[in-house]
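The structure under discussion appears below in the form of C-alpha cells.
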Amino acid sequence: MRHRTARLGLNPALLPILIAYTVISLMIHPAPGDEISYLGFASHITHGYYAQTNGPPGAYLWHGPGLPVLLAPFVALNVPADVIRVLFGPVLLFAAMVVFFRLMRLYLSERAALIGTYGLAFYLPFFEIVGAIRVEPLATLCFTLGVLFLVRAY
C-alpha cells in the first residue's frame with residue numbers, strides 16, 4: 001500500500017484531512033447557496049442545453065459551465081445529492097491538499113511539508129465550503145495545480 005500511495009504522491013499521513021473534511025461535510029449542512037443552480041445547470045446539460053433567457057428564474061446564464069459539466073454525469077446517473085456533496089466538497093479539497101503537499105515537498109522536508117499542509121487544510125473558511133456543492137473546492141484544486149505546474153516548469 002505504501003508503494004502505491006507513494007507512486008500517486010499520496011502520503012498516508014494526509015488521510016486524516018480527508019476523514020475530517022468528510023465528517024464535517026456530513027455533520028454541517030450550511031445554506032445550499034448556489035448548489036440548486038449548479039445541479040439545475042447540470043440537469044440542463046444532460047438534456048442538451050445549458051442556459052436559457054426566457055425560462056424560469058435561475059435558468060438563465062449566471063454561473064460558468066465548469067462545475068455543472070463535472071456534475072452532469074452524476075446528475076444523469078441519479079447519484080444521491082449527499083454523495084455528490086462529498087465528492088465535490090471534501091474529495092476535491094483533499095485533492096488540493098495533496099497537490100499542495102507535493103508542492104511543499106519540492107523545497108521542504110516531509111515533516112515540514114506535512115505541517116504546512118495541515119496548517120492550510122485546517123484553515124477555518126474551508127470548513128464552510130465542504131458541506132454544500134460549491135465552486136471553491138474545484139477552484140482551489142485548479143489554482144494549486146496551476147501553481148505546482150508553474151513551479152515545476154521553472
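Going by the C-alpha cells order, chains are called A, B, ..., each with residues numbered from 1, while ligands are numbered from 1 in the order shown.
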Determine, counting only C-alpha atoms, which protein, DNA and RNA residues have an atom within 10 Å of an atom of Ala132 (chain A); residues of the same chain fewer than 6 positions away are not included. Present the result as a PyMOL selection string.
-> chain A and resi 25-26+28-36+81-82+84-86+88-90
Considering only alpha helix (DSSP H) as DSSP defines it on the backbone, what residues of region 4-116 of chain A qualify? List them as a short mmCIF file (atom, residue, chain, number, x, y, z; two decimals) with all heavy atoms, in the first residue's frame.
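The resulting file, selection-v9.cif, is shown below:
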data_model
loop_
_atom_site.label_atom_id
_atom_site.label_comp_id
_atom_site.auth_asym_id
_atom_site.auth_seq_id
_atom_site.Cartn_x
_atom_site.Cartn_y
_atom_site.Cartn_z
N ARG A 4 2.15 1.99 -3.58
CA ARG A 4 1.14 2.53 -4.49
C ARG A 4 0.79 3.97 -4.13
O ARG A 4 0.68 4.82 -5.00
CB ARG A 4 -0.11 1.67 -4.47
CG ARG A 4 -1.20 2.21 -5.40
CD ARG A 4 -2.42 1.36 -5.40
NE ARG A 4 -2.09 0.10 -6.03
CZ ARG A 4 -2.82 -1.00 -5.93
NH1 ARG A 4 -3.90 -0.99 -5.19
NH2 ARG A 4 -2.47 -2.10 -6.54
N THR A 5 0.60 4.25 -2.85
CA THR A 5 0.26 5.62 -2.46
C THR A 5 1.42 6.56 -2.69
O THR A 5 1.22 7.71 -3.04
CB THR A 5 -0.19 5.68 -0.98
OG1 THR A 5 0.86 5.17 -0.17
CG2 THR A 5 -1.47 4.92 -0.76
N ALA A 6 2.64 6.08 -2.52
CA ALA A 6 3.81 6.92 -2.77
C ALA A 6 3.92 7.24 -4.26
O ALA A 6 4.28 8.35 -4.64
CB ALA A 6 5.07 6.24 -2.27
N ARG A 7 3.60 6.27 -5.10
CA ARG A 7 3.67 6.50 -6.54
C ARG A 7 2.64 7.53 -6.99
O ARG A 7 2.87 8.30 -7.91
CB ARG A 7 3.46 5.18 -7.28
CG ARG A 7 3.88 5.26 -8.72
CD ARG A 7 3.85 3.92 -9.39
NE ARG A 7 2.46 3.51 -9.53
CZ ARG A 7 2.06 2.25 -9.55
NH1 ARG A 7 2.92 1.28 -9.42
NH2 ARG A 7 0.80 1.95 -9.69
N LEU A 15 -4.36 11.36 5.07
CA LEU A 15 -5.72 10.81 5.08
C LEU A 15 -6.61 11.34 6.20
O LEU A 15 -7.82 11.48 5.99
CB LEU A 15 -5.67 9.29 5.10
CG LEU A 15 -5.19 8.66 3.79
CD1 LEU A 15 -5.09 7.15 3.91
CD2 LEU A 15 -6.07 9.06 2.63
N PRO A 16 -6.09 11.70 7.39
CA PRO A 16 -6.97 12.31 8.39
C PRO A 16 -7.63 13.61 7.91
O PRO A 16 -8.73 13.95 8.35
CB PRO A 16 -6.04 12.57 9.58
CG PRO A 16 -5.00 11.52 9.46
CD PRO A 16 -4.79 11.36 7.98
N ILE A 17 -7.00 14.29 6.98
CA ILE A 17 -7.61 15.50 6.41
C ILE A 17 -8.89 15.13 5.66
O ILE A 17 -9.93 15.77 5.84
CB ILE A 17 -6.62 16.24 5.49
CG1 ILE A 17 -5.42 16.74 6.28
CG2 ILE A 17 -7.31 17.38 4.75
CD1 ILE A 17 -4.29 17.28 5.42
N LEU A 18 -8.82 14.10 4.83
CA LEU A 18 -9.99 13.64 4.10
C LEU A 18 -11.09 13.19 5.06
O LEU A 18 -12.26 13.52 4.87
CB LEU A 18 -9.63 12.52 3.13
CG LEU A 18 -10.79 11.90 2.35
CD1 LEU A 18 -11.46 12.94 1.46
CD2 LEU A 18 -10.30 10.74 1.52
N ILE A 19 -10.72 12.47 6.08
CA ILE A 19 -11.70 11.99 7.06
C ILE A 19 -12.35 13.18 7.77
O ILE A 19 -13.58 13.22 7.91
CB ILE A 19 -11.04 11.03 8.06
CG1 ILE A 19 -10.61 9.75 7.34
CG2 ILE A 19 -11.96 10.71 9.23
CD1 ILE A 19 -9.67 8.86 8.13
N ALA A 20 -11.55 14.15 8.18
CA ALA A 20 -12.10 15.33 8.86
C ALA A 20 -13.04 16.11 7.94
O ALA A 20 -14.15 16.49 8.35
CB ALA A 20 -10.97 16.22 9.35
N TYR A 21 -12.64 16.33 6.70
CA TYR A 21 -13.50 17.04 5.75
C TYR A 21 -14.81 16.29 5.52
O TYR A 21 -15.88 16.90 5.45
CB TYR A 21 -12.79 17.24 4.41
CG TYR A 21 -11.75 18.32 4.37
CD1 TYR A 21 -10.81 18.34 3.36
CD2 TYR A 21 -11.70 19.34 5.32
CE1 TYR A 21 -9.85 19.34 3.28
CE2 TYR A 21 -10.74 20.33 5.25
CZ TYR A 21 -9.82 20.33 4.24
OH TYR A 21 -8.89 21.33 4.16
N THR A 22 -14.74 14.98 5.39
CA THR A 22 -15.95 14.19 5.14
C THR A 22 -16.88 14.24 6.34
O THR A 22 -18.09 14.43 6.18
CB THR A 22 -15.57 12.74 4.80
OG1 THR A 22 -14.69 12.74 3.68
CG2 THR A 22 -16.80 11.92 4.46
N VAL A 23 -16.35 14.07 7.53
CA VAL A 23 -17.18 14.12 8.74
C VAL A 23 -17.82 15.49 8.88
O VAL A 23 -19.03 15.59 9.17
CB VAL A 23 -16.34 13.76 9.99
CG1 VAL A 23 -17.08 14.09 11.27
CG2 VAL A 23 -15.96 12.29 9.96
N ILE A 24 -17.05 16.53 8.66
CA ILE A 24 -17.60 17.89 8.76
C ILE A 24 -18.69 18.10 7.72
O ILE A 24 -19.73 18.69 8.01
CB ILE A 24 -16.48 18.93 8.63
CG1 ILE A 24 -15.60 18.89 9.88
CG2 ILE A 24 -17.04 20.33 8.42
CD1 ILE A 24 -14.31 19.65 9.75
N SER A 25 -18.47 17.63 6.50
CA SER A 25 -19.48 17.84 5.45
C SER A 25 -20.77 17.08 5.74
O SER A 25 -21.84 17.53 5.35
CB SER A 25 -18.93 17.44 4.09
OG SER A 25 -18.87 16.04 3.96
N LEU A 26 -20.67 15.94 6.40
CA LEU A 26 -21.87 15.18 6.73
C LEU A 26 -22.58 15.74 7.96
O LEU A 26 -23.79 15.55 8.11
CB LEU A 26 -21.53 13.71 6.95
CG LEU A 26 -21.01 12.97 5.70
CD1 LEU A 26 -20.56 11.57 6.05
CD2 LEU A 26 -22.07 12.95 4.60
N MET A 27 -21.85 16.41 8.83
CA MET A 27 -22.44 16.97 10.04
C MET A 27 -23.03 18.35 9.82
O MET A 27 -24.05 18.70 10.39
CB MET A 27 -21.40 17.03 11.17
CG MET A 27 -21.04 15.68 11.72
SD MET A 27 -19.74 15.70 12.98
CE MET A 27 -19.89 17.26 13.78
N GLU A 35 -25.95 25.75 -4.77
CA GLU A 35 -26.00 24.30 -5.04
C GLU A 35 -27.16 23.94 -5.96
O GLU A 35 -27.00 23.17 -6.91
CB GLU A 35 -26.12 23.55 -3.73
CG GLU A 35 -26.22 22.06 -3.88
CD GLU A 35 -26.27 21.35 -2.54
OE1 GLU A 35 -25.39 21.60 -1.70
OE2 GLU A 35 -27.19 20.54 -2.35
N ILE A 36 -28.32 24.52 -5.72
CA ILE A 36 -29.50 24.21 -6.52
C ILE A 36 -29.29 24.66 -7.97
O ILE A 36 -29.64 23.94 -8.91
CB ILE A 36 -30.75 24.87 -5.90
CG1 ILE A 36 -31.00 24.26 -4.52
CG2 ILE A 36 -31.96 24.72 -6.80
CD1 ILE A 36 -31.99 25.01 -3.67
N SER A 37 -28.67 25.82 -8.15
CA SER A 37 -28.39 26.30 -9.51
C SER A 37 -27.41 25.39 -10.23
O SER A 37 -27.62 25.06 -11.41
CB SER A 37 -27.81 27.72 -9.47
OG SER A 37 -28.74 28.62 -8.94
N TYR A 38 -26.35 24.97 -9.54
CA TYR A 38 -25.37 24.09 -10.17
C TYR A 38 -26.00 22.77 -10.58
O TYR A 38 -25.75 22.26 -11.67
CB TYR A 38 -24.19 23.83 -9.24
CG TYR A 38 -23.29 25.03 -9.05
CD1 TYR A 38 -22.95 25.48 -7.78
CD2 TYR A 38 -22.76 25.70 -10.14
CE1 TYR A 38 -22.12 26.57 -7.61
CE2 TYR A 38 -21.94 26.79 -9.97
CZ TYR A 38 -21.63 27.22 -8.70
OH TYR A 38 -20.80 28.30 -8.54
N LEU A 39 -26.81 22.20 -9.69
CA LEU A 39 -27.47 20.93 -10.03
C LEU A 39 -28.48 21.12 -11.16
O LEU A 39 -28.63 20.26 -12.03
CB LEU A 39 -28.14 20.34 -8.80
CG LEU A 39 -27.19 19.83 -7.72
CD1 LEU A 39 -27.96 19.43 -6.47
CD2 LEU A 39 -26.35 18.69 -8.22
N GLY A 40 -29.16 22.27 -11.18
CA GLY A 40 -30.10 22.57 -12.26
C GLY A 40 -29.39 22.70 -13.60
O GLY A 40 -29.84 22.16 -14.62
N PHE A 41 -28.27 23.43 -13.61
CA PHE A 41 -27.50 23.57 -14.84
C PHE A 41 -26.95 22.22 -15.30
O PHE A 41 -26.91 21.92 -16.49
CB PHE A 41 -26.36 24.56 -14.67
CG PHE A 41 -26.81 26.00 -14.68
CD1 PHE A 41 -26.27 26.90 -13.78
CD2 PHE A 41 -27.74 26.46 -15.59
CE1 PHE A 41 -26.67 28.22 -13.79
CE2 PHE A 41 -28.15 27.79 -15.62
CZ PHE A 41 -27.61 28.67 -14.70
N ALA A 42 -26.53 21.38 -14.34
CA ALA A 42 -26.04 20.04 -14.70
C ALA A 42 -27.17 19.22 -15.32
O ALA A 42 -26.95 18.48 -16.28
CB ALA A 42 -25.47 19.34 -13.47
N SER A 43 -28.36 19.35 -14.78
CA SER A 43 -29.52 18.66 -15.35
C SER A 43 -29.81 19.16 -16.76
O SER A 43 -30.12 18.37 -17.65
CB SER A 43 -30.73 18.85 -14.45
OG SER A 43 -31.87 18.26 -15.02
N HIS A 44 -29.68 20.47 -16.96
CA HIS A 44 -29.88 21.03 -18.30
C HIS A 44 -28.87 20.45 -19.29
O HIS A 44 -29.23 20.16 -20.44
CB HIS A 44 -29.74 22.56 -18.28
CG HIS A 44 -30.82 23.24 -17.52
ND1 HIS A 44 -30.82 24.60 -17.29
CD2 HIS A 44 -31.94 22.79 -16.92
CE1 HIS A 44 -31.88 24.94 -16.59
NE2 HIS A 44 -32.57 23.85 -16.35
N ILE A 45 -27.63 20.30 -18.86
CA ILE A 45 -26.59 19.75 -19.74
C ILE A 45 -26.96 18.33 -20.17
O ILE A 45 -26.76 17.95 -21.32
CB ILE A 45 -25.22 19.79 -19.05
CG1 ILE A 45 -24.75 21.24 -18.94
CG2 ILE A 45 -24.19 18.96 -19.80
CD1 ILE A 45 -23.52 21.43 -18.09
N THR A 46 -27.52 17.56 -19.24
CA THR A 46 -27.90 16.18 -19.59
C THR A 46 -29.06 16.15 -20.58
O THR A 46 -29.29 15.13 -21.21
CB THR A 46 -28.29 15.38 -18.33
OG1 THR A 46 -29.44 15.95 -17.73
CG2 THR A 46 -27.13 15.32 -17.36
N GLY A 66 -18.13 25.24 -15.82
CA GLY A 66 -17.14 24.28 -15.35
C GLY A 66 -17.67 23.27 -14.37
O GLY A 66 -17.60 22.06 -14.60
N LEU A 67 -18.20 23.73 -13.25
CA LEU A 67 -18.71 22.80 -12.24
C LEU A 67 -19.94 22.04 -12.73
O LEU A 67 -20.01 20.82 -12.53
CB LEU A 67 -19.00 23.54 -10.93
CG LEU A 67 -19.43 22.68 -9.75
CD1 LEU A 67 -18.38 21.63 -9.43
CD2 LEU A 67 -19.71 23.54 -8.54
N PRO A 68 -20.91 22.68 -13.39
CA PRO A 68 -22.04 21.89 -13.90
C PRO A 68 -21.64 20.80 -14.89
O PRO A 68 -22.25 19.73 -14.91
CB PRO A 68 -22.93 22.94 -14.57
CG PRO A 68 -22.66 24.18 -13.81
CD PRO A 68 -21.19 24.11 -13.50
N VAL A 69 -20.61 21.04 -15.70
CA VAL A 69 -20.16 19.99 -16.62
C VAL A 69 -19.61 18.80 -15.84
O VAL A 69 -19.86 17.64 -16.20
CB VAL A 69 -19.10 20.55 -17.60
CG1 VAL A 69 -18.36 19.44 -18.31
CG2 VAL A 69 -19.75 21.49 -18.60
N LEU A 70 -18.89 19.05 -14.76
CA LEU A 70 -18.38 17.96 -13.94
C LEU A 70 -19.50 17.25 -13.18
O LEU A 70 -19.43 16.06 -12.91
CB LEU A 70 -17.34 18.48 -12.95
CG LEU A 70 -16.03 18.97 -13.56
CD1 LEU A 70 -15.13 19.54 -12.48
CD2 LEU A 70 -15.32 17.86 -14.30
N LEU A 71 -20.54 18.00 -12.81
CA LEU A 71 -21.67 17.42 -12.09
C LEU A 71 -22.61 16.62 -12.99
O LEU A 71 -23.31 15.73 -12.52
CB LEU A 71 -22.49 18.52 -11.41
CG LEU A 71 -21.88 19.22 -10.22
CD1 LEU A 71 -22.71 20.44 -9.84
CD2 LEU A 71 -21.76 18.29 -9.05
N ALA A 72 -22.64 16.94 -14.27
CA ALA A 72 -23.62 16.35 -15.20
C ALA A 72 -23.65 14.82 -15.20
O ALA A 72 -24.74 14.24 -15.15
CB ALA A 72 -23.39 16.90 -16.61
N PRO A 73 -22.51 14.12 -15.25
CA PRO A 73 -22.60 12.65 -15.23
C PRO A 73 -23.24 12.11 -13.96
O PRO A 73 -23.98 11.13 -14.00
CB PRO A 73 -21.15 12.19 -15.34
CG PRO A 73 -20.40 13.35 -15.88
CD PRO A 73 -21.13 14.57 -15.45
N PHE A 74 -22.98 12.75 -12.84
CA PHE A 74 -23.55 12.29 -11.57
C PHE A 74 -25.05 12.56 -11.51
O PHE A 74 -25.81 11.75 -11.00
CB PHE A 74 -22.83 12.97 -10.40
CG PHE A 74 -21.38 12.61 -10.32
CD1 PHE A 74 -20.42 13.43 -10.90
CD2 PHE A 74 -20.97 11.45 -9.71
CE1 PHE A 74 -19.08 13.10 -10.85
CE2 PHE A 74 -19.63 11.10 -9.65
CZ PHE A 74 -18.68 11.94 -10.23
N VAL A 75 -25.46 13.71 -12.06
CA VAL A 75 -26.89 14.02 -12.13
C VAL A 75 -27.59 13.06 -13.09
O VAL A 75 -28.69 12.58 -12.81
CB VAL A 75 -27.10 15.49 -12.54
CG1 VAL A 75 -28.55 15.79 -12.82
CG2 VAL A 75 -26.58 16.42 -11.44
N ALA A 76 -26.95 12.76 -14.22
CA ALA A 76 -27.54 11.84 -15.20
C ALA A 76 -27.71 10.44 -14.62
O ALA A 76 -28.66 9.73 -14.97
CB ALA A 76 -26.68 11.78 -16.46
N ALA A 81 -27.68 13.33 -3.73
CA ALA A 81 -27.04 14.63 -3.50
C ALA A 81 -25.99 14.57 -2.40
O ALA A 81 -24.97 15.26 -2.48
CB ALA A 81 -28.10 15.68 -3.17
N ASP A 82 -26.20 13.75 -1.38
CA ASP A 82 -25.20 13.65 -0.31
C ASP A 82 -23.88 13.08 -0.81
O ASP A 82 -22.81 13.51 -0.39
CB ASP A 82 -25.73 12.78 0.84
CG ASP A 82 -26.81 13.48 1.64
OD1 ASP A 82 -26.81 14.73 1.66
OD2 ASP A 82 -27.64 12.79 2.26
N VAL A 83 -23.95 12.13 -1.72
CA VAL A 83 -22.73 11.56 -2.31
C VAL A 83 -22.04 12.61 -3.17
O VAL A 83 -20.82 12.77 -3.13
CB VAL A 83 -23.05 10.28 -3.12
CG1 VAL A 83 -21.81 9.77 -3.85
CG2 VAL A 83 -23.64 9.22 -2.23
N ILE A 84 -22.82 13.35 -3.94
CA ILE A 84 -22.25 14.41 -4.78
C ILE A 84 -21.60 15.47 -3.90
O ILE A 84 -20.52 15.97 -4.22
CB ILE A 84 -23.33 15.02 -5.69
CG1 ILE A 84 -23.82 13.99 -6.70
CG2 ILE A 84 -22.78 16.24 -6.42
CD1 ILE A 84 -24.99 14.46 -7.54
N ARG A 85 -22.24 15.81 -2.78
CA ARG A 85 -21.66 16.80 -1.87
C ARG A 85 -20.29 16.34 -1.35
O ARG A 85 -19.38 17.14 -1.22
CB ARG A 85 -22.59 17.05 -0.69
CG ARG A 85 -23.73 17.94 -1.01
CD ARG A 85 -24.54 18.29 0.23
NE ARG A 85 -25.81 18.82 -0.17
CZ ARG A 85 -26.96 18.15 -0.13
NH1 ARG A 85 -27.00 16.93 0.37
NH2 ARG A 85 -28.07 18.71 -0.54
N VAL A 86 -20.18 15.07 -1.02
CA VAL A 86 -18.90 14.55 -0.51
C VAL A 86 -17.85 14.54 -1.62
O VAL A 86 -16.70 14.93 -1.40
CB VAL A 86 -19.07 13.14 0.10
CG1 VAL A 86 -17.74 12.50 0.39
CG2 VAL A 86 -19.91 13.20 1.36
N LEU A 92 -12.52 16.96 -3.46
CA LEU A 92 -11.79 17.95 -4.26
C LEU A 92 -10.85 18.79 -3.39
O LEU A 92 -9.72 19.08 -3.79
CB LEU A 92 -12.75 18.86 -5.03
CG LEU A 92 -13.45 18.25 -6.23
CD1 LEU A 92 -14.37 19.27 -6.88
CD2 LEU A 92 -12.45 17.74 -7.24
N LEU A 93 -11.33 19.16 -2.20
CA LEU A 93 -10.48 19.96 -1.31
C LEU A 93 -9.30 19.12 -0.80
O LEU A 93 -8.18 19.62 -0.69
CB LEU A 93 -11.31 20.50 -0.15
CG LEU A 93 -10.76 21.71 0.57
CD1 LEU A 93 -10.44 22.84 -0.40
CD2 LEU A 93 -11.76 22.19 1.60
N PHE A 94 -9.54 17.85 -0.54
CA PHE A 94 -8.44 16.95 -0.15
C PHE A 94 -7.44 16.81 -1.29
O PHE A 94 -6.22 16.80 -1.06
CB PHE A 94 -8.99 15.58 0.26
CG PHE A 94 -7.91 14.58 0.54
CD1 PHE A 94 -7.10 14.69 1.65
CD2 PHE A 94 -7.70 13.51 -0.32
CE1 PHE A 94 -6.09 13.77 1.91
CE2 PHE A 94 -6.71 12.58 -0.08
CZ PHE A 94 -5.90 12.71 1.05
N ALA A 95 -7.92 16.70 -2.50
CA ALA A 95 -7.01 16.62 -3.66
C ALA A 95 -6.14 17.87 -3.75
O ALA A 95 -4.95 17.79 -4.07
CB ALA A 95 -7.81 16.41 -4.95
N ALA A 96 -6.73 19.02 -3.45
CA ALA A 96 -5.95 20.26 -3.43
C ALA A 96 -4.86 20.19 -2.35
O ALA A 96 -3.74 20.67 -2.56
CB ALA A 96 -6.86 21.46 -3.20
N MET A 97 -5.17 19.58 -1.21
CA MET A 97 -4.17 19.45 -0.14
C MET A 97 -3.05 18.49 -0.54
O MET A 97 -1.89 18.71 -0.20
CB MET A 97 -4.82 18.99 1.16
CG MET A 97 -5.81 19.97 1.76
SD MET A 97 -5.12 21.61 1.99
CE MET A 97 -6.17 22.56 0.91
N VAL A 98 -3.39 17.44 -1.27
CA VAL A 98 -2.36 16.51 -1.75
C VAL A 98 -1.43 17.22 -2.73
O VAL A 98 -0.20 17.08 -2.67
CB VAL A 98 -3.01 15.27 -2.41
CG1 VAL A 98 -1.97 14.41 -3.12
CG2 VAL A 98 -3.75 14.44 -1.37
N VAL A 99 -2.00 18.02 -3.62
CA VAL A 99 -1.18 18.77 -4.57
C VAL A 99 -0.32 19.79 -3.83
O VAL A 99 0.87 19.96 -4.13
CB VAL A 99 -2.08 19.46 -5.62
CG1 VAL A 99 -1.28 20.42 -6.49
CG2 VAL A 99 -2.78 18.43 -6.47
N PHE A 100 -0.90 20.44 -2.82
CA PHE A 100 -0.14 21.41 -2.02
C PHE A 100 1.02 20.72 -1.31
O PHE A 100 2.13 21.25 -1.24
CB PHE A 100 -1.05 22.11 -1.01
CG PHE A 100 -0.36 23.16 -0.21
CD1 PHE A 100 -0.06 24.39 -0.77
CD2 PHE A 100 0.00 22.93 1.11
CE1 PHE A 100 0.59 25.38 -0.03
CE2 PHE A 100 0.65 23.90 1.85
CZ PHE A 100 0.95 25.12 1.28
N PHE A 101 0.78 19.51 -0.78
CA PHE A 101 1.84 18.75 -0.13
C PHE A 101 2.96 18.45 -1.12
O PHE A 101 4.14 18.60 -0.78
CB PHE A 101 1.27 17.45 0.46
CG PHE A 101 2.31 16.55 1.04
CD1 PHE A 101 2.88 16.82 2.27
CD2 PHE A 101 2.73 15.41 0.35
CE1 PHE A 101 3.86 16.00 2.80
CE2 PHE A 101 3.70 14.58 0.87
CZ PHE A 101 4.27 14.88 2.11
N ARG A 102 2.61 18.05 -2.32
CA ARG A 102 3.64 17.77 -3.34
C ARG A 102 4.42 19.03 -3.68
O ARG A 102 5.63 18.99 -3.91
CB ARG A 102 3.00 17.20 -4.60
CG ARG A 102 2.48 15.79 -4.35
CD ARG A 102 2.09 15.11 -5.60
NE ARG A 102 3.29 14.88 -6.42
CZ ARG A 102 3.25 14.40 -7.64
NH1 ARG A 102 2.09 14.09 -8.19
NH2 ARG A 102 4.35 14.21 -8.32
N LEU A 103 3.74 20.17 -3.71
CA LEU A 103 4.41 21.44 -3.96
C LEU A 103 5.38 21.77 -2.83
O LEU A 103 6.53 22.16 -3.07
CB LEU A 103 3.36 22.55 -4.10
CG LEU A 103 3.86 23.97 -4.30
CD1 LEU A 103 4.59 24.09 -5.64
CD2 LEU A 103 2.70 24.94 -4.26
N MET A 104 4.96 21.56 -1.61
CA MET A 104 5.82 21.83 -0.45
C MET A 104 7.02 20.88 -0.43
O MET A 104 8.11 21.28 -0.05
CB MET A 104 5.03 21.68 0.85
CG MET A 104 3.86 22.63 1.00
SD MET A 104 4.35 24.25 1.53
CE MET A 104 4.73 23.93 3.23
N ARG A 105 6.82 19.64 -0.85
CA ARG A 105 7.91 18.65 -0.85
C ARG A 105 9.01 19.00 -1.83
O ARG A 105 10.13 18.50 -1.71
CB ARG A 105 7.38 17.24 -1.16
CG ARG A 105 6.75 16.55 -0.02
CD ARG A 105 7.73 16.24 1.09
NE ARG A 105 8.64 15.16 0.71
CZ ARG A 105 9.93 15.14 1.00
NH1 ARG A 105 10.48 16.10 1.67
NH2 ARG A 105 10.69 14.12 0.62
N GLU A 110 9.81 16.25 4.48
CA GLU A 110 8.47 15.68 4.56
C GLU A 110 7.73 16.18 5.79
O GLU A 110 6.54 16.49 5.72
CB GLU A 110 8.54 14.15 4.58
CG GLU A 110 7.18 13.51 4.54
CD GLU A 110 7.24 12.02 4.32
OE1 GLU A 110 8.29 11.51 3.94
OE2 GLU A 110 6.20 11.38 4.51
N ARG A 111 8.42 16.27 6.91
CA ARG A 111 7.78 16.74 8.15
C ARG A 111 7.30 18.18 8.01
O ARG A 111 6.18 18.51 8.37
CB ARG A 111 8.75 16.61 9.31
CG ARG A 111 8.14 17.01 10.63
CD ARG A 111 9.05 16.64 11.78
NE ARG A 111 8.36 16.87 13.03
CZ ARG A 111 8.77 17.74 13.94
NH1 ARG A 111 9.88 18.43 13.75
NH2 ARG A 111 8.09 17.89 15.04
N ALA A 112 8.14 19.04 7.49
CA ALA A 112 7.77 20.45 7.31
C ALA A 112 6.62 20.58 6.31
O ALA A 112 5.70 21.40 6.50
CB ALA A 112 8.98 21.25 6.85
N ALA A 113 6.65 19.76 5.26
CA ALA A 113 5.57 19.80 4.28
C ALA A 113 4.25 19.33 4.90
O ALA A 113 3.19 19.89 4.60
CB ALA A 113 5.93 18.94 3.08
N LEU A 114 4.31 18.32 5.75
CA LEU A 114 3.10 17.86 6.44
C LEU A 114 2.55 18.93 7.35
O LEU A 114 1.33 19.17 7.39
CB LEU A 114 3.38 16.59 7.25
CG LEU A 114 3.37 15.28 6.48
CD1 LEU A 114 3.87 14.14 7.35
CD2 LEU A 114 1.98 14.98 5.94
N ILE A 115 3.41 19.60 8.09
CA ILE A 115 2.96 20.67 8.99
C ILE A 115 2.31 21.79 8.19
O ILE A 115 1.24 22.29 8.53
CB ILE A 115 4.13 21.18 9.85
CG1 ILE A 115 4.56 20.11 10.84
CG2 ILE A 115 3.76 22.47 10.57
CD1 ILE A 115 5.86 20.41 11.56
N GLY A 116 2.94 22.19 7.10
CA GLY A 116 2.38 23.24 6.25
C GLY A 116 1.05 22.85 5.62
O GLY A 116 0.12 23.64 5.55
#
At what distance in Å, to one decimal, does CA of Pro80 (chain A) lie from CA of Leu10 (chain A)?
->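 CA of Pro80 (chain A) lies at a distance of 27.6 Å from CA of Leu10 (chain A).
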Using only C-alpha atoms, which of A:Leu106, A:Ala13, A:Ile129, A:Ala139 sits nearest Arg152 (chain A)?
->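 The closest residue to Arg152 (chain A) is A:Leu106.
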Between CA of Leu14 (chain A) and CA of Tyr107 (chain A), what is the spacing in Å?
->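 Answer for the CA of Tyr107 (chain A) to CA of Leu14 (chain A) separation: 18.1 Å.
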One decimal place gives the CA of Leu150 (chain A)-CA of Val130 (chain A) separation as 27.0 Å
Residue among A:Asn78, A:Leu145, A:Thr140, A:Val135 lying closest to Leu120 (chain A), counting only C-alpha atoms =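 Among the listed residues, A:Thr140 lies closest to Leu120 (chain A).
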